[in-house]
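Contents: one structure, followed by commentary.
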Amino acid sequence: MSSKTVRPPRAPSRPDVRPSVRARYVVAVLAAVAIAGPVGYLLGSPDASQVAVADMREAEAKRDVQQIGELTSTARVTAGELNGVLSGLAEVLPRDGKPGARSAESAEVDGWRSVLRRAVDRHAETPSGTTATNVARAGFRSAVDVMAIAVDSYASGRGLPADLRQPFLDLAARQRSAAVATWSVAATQLDQINVDAGHGHQHVYLTSAPGEGGMSADSVPEGSHG
């Protein structure tokens, strides 16, 4: 009986990786790490992002201060013109169940319409600002729009027979009151954003519409910061 020689098992062979290939691989990895590190820091640095946000907020604040000043000047011009129209409407529109004291002449109504057209055009521009400034701007725009409708309602009814005229006059009176109330809200908002912007109190309220239910100016002196 022949005997067989038992040989020990061979260890698995390793892939042949040449030193030059391995060296190039290591160099490539180290280079990628060296480049990605500084780039990642610059792009994700908390300090850089905070500086960018701070610069953006500073620019927005400066733009808003300018817009508040411009809106205040615009509102003052409009308020001065509207006070004349309101005085005339107070004489021709019914109030507290009583008819108007007189009827407006055609030339007078045409003058009111001209004033309101200019006011509507003046407040039609709507540049983007902060929310607080946008609220004030929209309030003034709505107020002059409604006031223009009130004048149109009066003009439409003044030439009608008496039995048909009164509904138009009543509607115009309600629209006038709504316009005055809306303006007072916008003026109150304008006062607050002027204080916040460092301009002090700025009171741009309508002065020829007493008893309309709108808000009025506070007792703080104009321009004060108290």
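Please note that chains go A, B, ... in the order of the structure tokens, that every chain numbers its residues from 1, and that ligands are numbered from 1 in the order shown.
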
Closest pair table for region 92-205 of chain A residues within 7 Å of region 61-69 of chain A, only C-alpha atoms, as JSON lines:
```
{"residue": "A:Gly129", "atom": "CA", "partner": "A:Asp64", "partner_atom": "CA", "distance": 6.1}
{"residue": "A:Thr130", "atom": "CA", "partner": "A:Asp64", "partner_atom": "CA", "distance": 6.7}
{"residue": "A:Thr133", "atom": "CA", "partner": "A:Ile68", "partner_atom": "CA", "distance": 6.8}
{"residue": "A:Asn194", "atom": "CA", "partner": "A:Ile68", "partner_atom": "CA", "distance": 6.7}
{"residue": "A:Ala197", "atom": "CA", "partner": "A:Val65", "partner_atom": "CA", "distance": 5.8}
```

### Task
Name the residues in contact with region 147-162 of chain A at a cut-off of 12 Å, using only C-alpha atoms, excluding same-chain residues fewer than 3 positions from it; report them as a ChimeraX atom specification.
/A:78-79,82-83,85-86,88-90,92-94,99-100,102-121,140-144,165-183

Generate a file of the selected residues that holds C-alpha atoms, formatted as a CSV table (one decimal), in the first residue's frame.
```csv
chain,number,residue,atom,x,y,z
A,78,THR,CA,-51.5,114.6,-0.6
A,79,ALA,CA,-53.0,115.5,2.8
A,82,LEU,CA,-57.3,116.4,0.3
A,83,ASN,CA,-58.1,118.7,3.2
A,85,VAL,CA,-61.7,118.4,-1.0
A,86,LEU,CA,-62.9,117.1,2.4
A,88,GLY,CA,-66.1,120.8,0.2
A,89,LEU,CA,-67.6,117.4,0.6
A,90,ALA,CA,-68.6,118.1,4.1
A,92,VAL,CA,-72.5,118.8,0.1
A,93,LEU,CA,-72.9,115.3,1.5
A,94,PRO,CA,-75.5,114.2,4.1
A,99,PRO,CA,-78.9,116.6,3.8
A,100,GLY,CA,-75.9,118.6,2.7
A,102,ARG,CA,-75.6,123.0,-0.6
A,103,SER,CA,-74.9,121.5,-4.0
A,104,ALA,CA,-71.5,121.7,-5.6
A,105,GLU,CA,-71.0,123.4,-8.9
A,106,SER,CA,-69.7,121.5,-11.9
A,107,ALA,CA,-66.4,123.3,-11.8
A,108,GLU,CA,-65.9,122.5,-8.2
A,109,VAL,CA,-66.5,118.8,-8.7
A,110,ASP,CA,-64.1,118.8,-11.7
A,111,GLY,CA,-61.5,120.4,-9.4
A,112,TRP,CA,-62.0,117.6,-6.8
A,113,ARG,CA,-61.6,115.0,-9.5
A,114,SER,CA,-58.3,116.6,-10.7
A,115,VAL,CA,-57.0,116.6,-7.1
A,116,LEU,CA,-57.9,112.9,-6.7
A,117,ARG,CA,-56.4,111.9,-10.0
A,118,ARG,CA,-53.1,113.4,-9.0
A,119,ALA,CA,-53.3,111.8,-5.6
A,120,VAL,CA,-54.0,108.3,-7.1
A,121,ASP,CA,-51.1,108.7,-9.5
A,140,PHE,CA,-52.5,105.7,1.8
A,141,ARG,CA,-53.0,104.2,-1.6
A,142,SER,CA,-56.3,102.6,-0.5
A,143,ALA,CA,-57.5,105.9,1.1
A,144,VAL,CA,-57.0,108.0,-2.0
A,165,ARG,CA,-80.2,111.3,-6.1
A,166,GLN,CA,-80.2,110.5,-2.4
A,167,PRO,CA,-78.8,106.9,-2.6
A,168,PHE,CA,-75.8,108.2,-4.5
A,169,LEU,CA,-75.2,110.9,-1.9
A,170,ASP,CA,-75.5,108.5,0.9
A,171,LEU,CA,-73.1,106.1,-0.7
A,172,ALA,CA,-70.6,109.0,-1.4
A,173,ALA,CA,-70.8,110.0,2.3
A,174,ARG,CA,-70.0,106.4,3.4
A,175,GLN,CA,-67.1,106.2,1.0
A,176,ARG,CA,-65.7,109.5,2.2
A,177,SER,CA,-65.8,108.3,5.8
A,178,ALA,CA,-64.1,105.0,4.9
A,179,ALA,CA,-61.4,106.9,3.1
A,180,VAL,CA,-60.8,109.2,6.1
A,181,ALA,CA,-60.6,106.2,8.5
A,182,THR,CA,-58.2,104.3,6.2
A,183,TRP,CA,-56.0,107.3,5.9
```

### Task
Would you mind telling me which residue in A:Asp191, A:Glu70, A:Asp196, A:Glu222 lies nearest to Pro127 (chain A) when using only C-alpha atoms?
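Of A:Asp191, A:Glu70, A:Asp196, A:Glu222, the one nearest Pro127 (chain A) is A:Glu70, counting only C-alpha atoms.
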
### Query
Between CA of Ala136 (chain A) and CA of Ser184 (chain A), what is the spacing in Å?
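Separation between CA of Ser184 (chain A) and CA of Ala136 (chain A): 10.1 Å.
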
### Task
Give me every alpha helix (DSSP H) residue in region 103-186 of chain A, going by DSSP on the backbone, as an MDAnalysis selection string.
chainID A and resid 106:122 131:158 162:186

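What separates CA of Val77 (chain A) from CA of Arg95 (chain A) is a distance of 27.3 Å.
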